[in-house]
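Below you'll find the structure, written out as structure tokens, and then a few comments.
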Amino acid sequence: MRQFKGGKIPGPFHASMGQEAAIVGSCLALRIDDAMTGTHRSHGHPIGKGAHLDALMAEVMGKEGGICKGRGGSMHLADRSVGIISESAIVGGGIPLATGCAFSAMVRGVDQVTLCFFGDGAVNQGTFHESLNMASLWKL
Ligand SMILES: Cc1ncc(C[n+]2csc(CCOP(=O)(O)OP(=O)(O)O)c2C)c(N)n1
């Protein structure tokens, strides 16, 4: 937050302070090859999944050395090397991606788990209801 106020972080900045326990509790149960999707606020989540802090911080600051070469910024910390398939500013956007990822694991016959983070606001989105419907039908 200090860096943002000091003008070091480009674009908007949505802190995930206060969400640490949920991140640690859920990510510790995952393997590195398990998948995860996050939101506009998912800063601590890649850390929980095992991402390297220097490349993560470089991404938040929009630098070339970042996990997405600084093109994604703080709302798109998708570190594929630790299984994060998407972090997105589109509220509810990660839920169908997580459903598709879980479907892919089922088709491939692997025991890979997909963890999907979203805020309570996303529950009001069609993607939430559609994705849960499909997940239930396909028994994901
Ligand atoms: C599809 C979509 N609609 C609206 C917005 C504008 N928007 C950005 S954050 C936000 C609130 C999200 O609430 P919640 O999912 O509970 O997350 P929080 O920021 O409260 O942690 C909204 C409506 C958006 N980014 N995407």
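Residues in the structure tokens are named by chain (A, B, ... in the order shown) and by number from 1 within that chain; ligands are numbered from 1 in the order shown.
Near ligand 1, at distances of 7 Å or less and with only C-alpha atoms and all ligand atoms counted, sit the residues Arg41, Ala89, Ile90, Val91, Gly92, Phe118, Gly119, Asp120, Gly121 and Ala122 of chain A.
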With all heavy atoms retained, export the selected residues as a short mmCIF file (atom, residue, chain, number, x, y, z; two decimals), in the first residue's frame.
data_model
loop_
_atom_site.label_atom_id
_atom_site.label_comp_id
_atom_site.auth_asym_id
_atom_site.auth_seq_id
_atom_site.Cartn_x
_atom_site.Cartn_y
_atom_site.Cartn_z
N ARG A 41 -8.19 -9.02 -6.59
CA ARG A 41 -7.65 -8.78 -5.25
C ARG A 41 -6.67 -9.88 -4.81
O ARG A 41 -6.26 -9.92 -3.66
CB ARG A 41 -8.84 -8.70 -4.27
CG ARG A 41 -8.57 -8.04 -2.96
CD ARG A 41 -9.85 -7.96 -2.15
NE ARG A 41 -10.78 -6.98 -2.64
CZ ARG A 41 -10.62 -5.66 -2.57
NH1 ARG A 41 -9.53 -5.16 -2.03
NH2 ARG A 41 -11.53 -4.84 -3.04
N ALA A 89 -9.74 -9.15 -13.45
CA ALA A 89 -10.53 -8.05 -12.92
C ALA A 89 -12.01 -8.21 -13.25
O ALA A 89 -12.84 -7.45 -12.76
CB ALA A 89 -10.03 -6.73 -13.51
N ILE A 90 -12.35 -9.20 -14.07
CA ILE A 90 -13.75 -9.43 -14.42
C ILE A 90 -14.41 -10.18 -13.27
O ILE A 90 -14.07 -11.34 -12.99
CB ILE A 90 -13.89 -10.23 -15.73
CG1 ILE A 90 -13.21 -9.47 -16.86
CG2 ILE A 90 -15.34 -10.51 -16.04
CD1 ILE A 90 -13.07 -10.26 -18.14
N VAL A 91 -15.31 -9.51 -12.56
CA VAL A 91 -15.94 -10.13 -11.39
C VAL A 91 -16.68 -11.41 -11.83
O VAL A 91 -17.54 -11.36 -12.71
CB VAL A 91 -16.89 -9.13 -10.69
CG1 VAL A 91 -17.68 -9.84 -9.58
CG2 VAL A 91 -16.10 -7.97 -10.12
N GLY A 92 -16.33 -12.53 -11.24
CA GLY A 92 -16.94 -13.82 -11.60
C GLY A 92 -16.28 -14.48 -12.80
O GLY A 92 -16.67 -15.57 -13.20
N PHE A 118 -13.15 -16.25 -5.21
CA PHE A 118 -14.00 -15.16 -5.70
C PHE A 118 -14.60 -14.43 -4.51
O PHE A 118 -14.72 -15.00 -3.42
CB PHE A 118 -15.09 -15.67 -6.66
CG PHE A 118 -15.94 -16.80 -6.12
CD1 PHE A 118 -17.08 -16.54 -5.38
CD2 PHE A 118 -15.59 -18.11 -6.38
CE1 PHE A 118 -17.86 -17.58 -4.89
CE2 PHE A 118 -16.36 -19.17 -5.89
CZ PHE A 118 -17.51 -18.90 -5.14
N GLY A 119 -14.99 -13.18 -4.73
CA GLY A 119 -15.61 -12.40 -3.66
C GLY A 119 -17.11 -12.63 -3.63
O GLY A 119 -17.68 -13.24 -4.54
N ASP A 120 -17.74 -12.14 -2.57
CA ASP A 120 -19.20 -12.35 -2.46
C ASP A 120 -19.95 -11.67 -3.60
O ASP A 120 -21.03 -12.12 -4.00
CB ASP A 120 -19.71 -11.90 -1.10
CG ASP A 120 -19.37 -10.45 -0.78
OD1 ASP A 120 -18.27 -10.02 -1.16
OD2 ASP A 120 -20.21 -9.76 -0.19
N GLY A 121 -19.35 -10.60 -4.16
CA GLY A 121 -20.00 -9.91 -5.28
C GLY A 121 -20.16 -10.81 -6.49
O GLY A 121 -21.11 -10.66 -7.27
N ALA A 122 -19.25 -11.76 -6.67
CA ALA A 122 -19.28 -12.65 -7.83
C ALA A 122 -20.45 -13.64 -7.78
O ALA A 122 -20.86 -14.18 -8.80
CB ALA A 122 -17.97 -13.41 -7.94
#
Q: Among the residues of range 13-93 of chain A, find those DSSP assigns to strand (DSSP E or B) from the backbone and print them as an NGL selection string.
A: :A and (35-38 or 84-87)
Could you please take those selected residues and save all heavy atoms as an mmCIF file, in the first residue's frame?
data_model
loop_
_atom_site.group_PDB
_atom_site.id
_atom_site.type_symbol
_atom_site.label_atom_id
_atom_site.label_comp_id
_atom_site.auth_asym_id
_atom_site.auth_seq_id
_atom_site.Cartn_x
_atom_site.Cartn_y
_atom_site.Cartn_z
ATOM 1 N N ALA A 35 -4.523 -26.574 -9.802
ATOM 2 C CA ALA A 35 -4.791 -25.295 -10.461
ATOM 3 C C ALA A 35 -5.490 -24.314 -9.518
ATOM 4 O O ALA A 35 -6.124 -24.714 -8.534
ATOM 5 C CB ALA A 35 -5.661 -25.533 -11.693
ATOM 6 N N MET A 36 -5.383 -23.042 -9.848
ATOM 7 C CA MET A 36 -6.028 -22.006 -9.039
ATOM 8 C C MET A 36 -6.441 -20.822 -9.905
ATOM 9 O O MET A 36 -5.734 -20.484 -10.861
ATOM 10 C CB MET A 36 -5.050 -21.508 -7.963
ATOM 11 C CG MET A 36 -5.661 -20.703 -6.849
ATOM 12 S SD MET A 36 -4.434 -19.595 -6.132
ATOM 13 C CE MET A 36 -4.797 -18.114 -7.062
ATOM 14 N N THR A 37 -7.580 -20.230 -9.622
ATOM 15 C CA THR A 37 -7.943 -18.964 -10.255
ATOM 16 C C THR A 37 -8.155 -17.921 -9.157
ATOM 17 O O THR A 37 -8.592 -18.247 -8.052
ATOM 18 C CB THR A 37 -9.238 -19.063 -11.098
ATOM 19 O OG1 THR A 37 -10.357 -19.334 -10.240
ATOM 20 C CG2 THR A 37 -9.139 -20.152 -12.159
ATOM 21 N N GLY A 38 -7.843 -16.671 -9.480
ATOM 22 C CA GLY A 38 -7.978 -15.599 -8.495
ATOM 23 C C GLY A 38 -8.747 -14.426 -9.056
ATOM 24 O O GLY A 38 -9.296 -14.489 -10.161
ATOM 25 N N ILE A 84 -1.355 -21.301 -11.412
ATOM 26 C CA ILE A 84 -2.403 -20.267 -11.454
ATOM 27 C C ILE A 84 -2.776 -20.026 -12.916
ATOM 28 O O ILE A 84 -1.977 -19.497 -13.691
ATOM 29 C CB ILE A 84 -1.928 -18.971 -10.776
ATOM 30 C CG1 ILE A 84 -1.505 -19.285 -9.335
ATOM 31 C CG2 ILE A 84 -3.048 -17.916 -10.797
ATOM 32 C CD1 ILE A 84 -0.971 -18.113 -8.573
ATOM 33 N N ILE A 85 -3.990 -20.422 -13.287
ATOM 34 C CA ILE A 85 -4.366 -20.317 -14.694
ATOM 35 C C ILE A 85 -4.926 -18.933 -15.019
ATOM 36 O O ILE A 85 -4.928 -18.524 -16.166
ATOM 37 C CB ILE A 85 -5.364 -21.421 -15.121
ATOM 38 C CG1 ILE A 85 -6.642 -21.377 -14.276
ATOM 39 C CG2 ILE A 85 -4.711 -22.785 -15.040
ATOM 40 C CD1 ILE A 85 -7.772 -22.199 -14.868
ATOM 41 N N SER A 86 -5.439 -18.231 -14.013
ATOM 42 C CA SER A 86 -5.999 -16.901 -14.280
ATOM 43 C C SER A 86 -6.213 -16.117 -12.997
ATOM 44 O O SER A 86 -6.625 -16.668 -11.980
ATOM 45 C CB SER A 86 -7.353 -17.063 -14.997
ATOM 46 O OG SER A 86 -8.141 -15.910 -14.864
ATOM 47 N N GLU A 87 -5.903 -14.817 -13.075
ATOM 48 C CA GLU A 87 -6.418 -13.860 -12.096
ATOM 49 C C GLU A 87 -6.993 -12.749 -12.937
ATOM 50 O O GLU A 87 -6.373 -12.332 -13.906
ATOM 51 C CB GLU A 87 -5.311 -13.343 -11.166
ATOM 52 C CG GLU A 87 -4.856 -14.406 -10.186
ATOM 53 C CD GLU A 87 -4.096 -13.841 -8.993
ATOM 54 O OE1 GLU A 87 -3.831 -12.622 -8.962
ATOM 55 O OE2 GLU A 87 -3.763 -14.625 -8.090
#
Q.
What's the separation between CA of Thr99 in chain A and CA of Met17 in chain A, in Å to one decimal place?
A.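 Value for the CA of Thr99 in chain A-CA of Met17 in chain A distance: 26.7 Å.
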Q.
Neighbouring residues of His40 in chain A were defined as those with any atom within 7 Å, considering only C-alpha atoms; residues of the same chain fewer than 2 positions away were excluded. Please report them as a VMD selection string.
A. chain A and resid 14 42 75 to 76 87 to 89
Q: Return as a PyMOL selection string the full set of residues in chain A whose backbone-based DSSP assignment is alpha helix (DSSP H).
A: chain A and resi 2-5+20-27+44-49+53-60+94-108+126-137
(Q) Can you tell me which residues surround range 132-140 of chain A at a distance of at most 9 Å, considering only C-alpha atoms, apart from same-chain residues fewer than 5 positions away, and format the answer as a ChimeraX atom specification? (A) /A:95-96,99-100,102-103,105-106,127
Q: For Lys69 in chain A, please output as JSON, numbers by chain all residues within 12 Å (counting only C-alpha atoms; exclusion window: fewer than 2 positions along the same chain).
A: {"A": [55, 56, 57, 58, 59, 60, 61, 62, 63, 64, 65, 66, 67, 71, 72, 73, 74, 76, 77, 78, 79]}
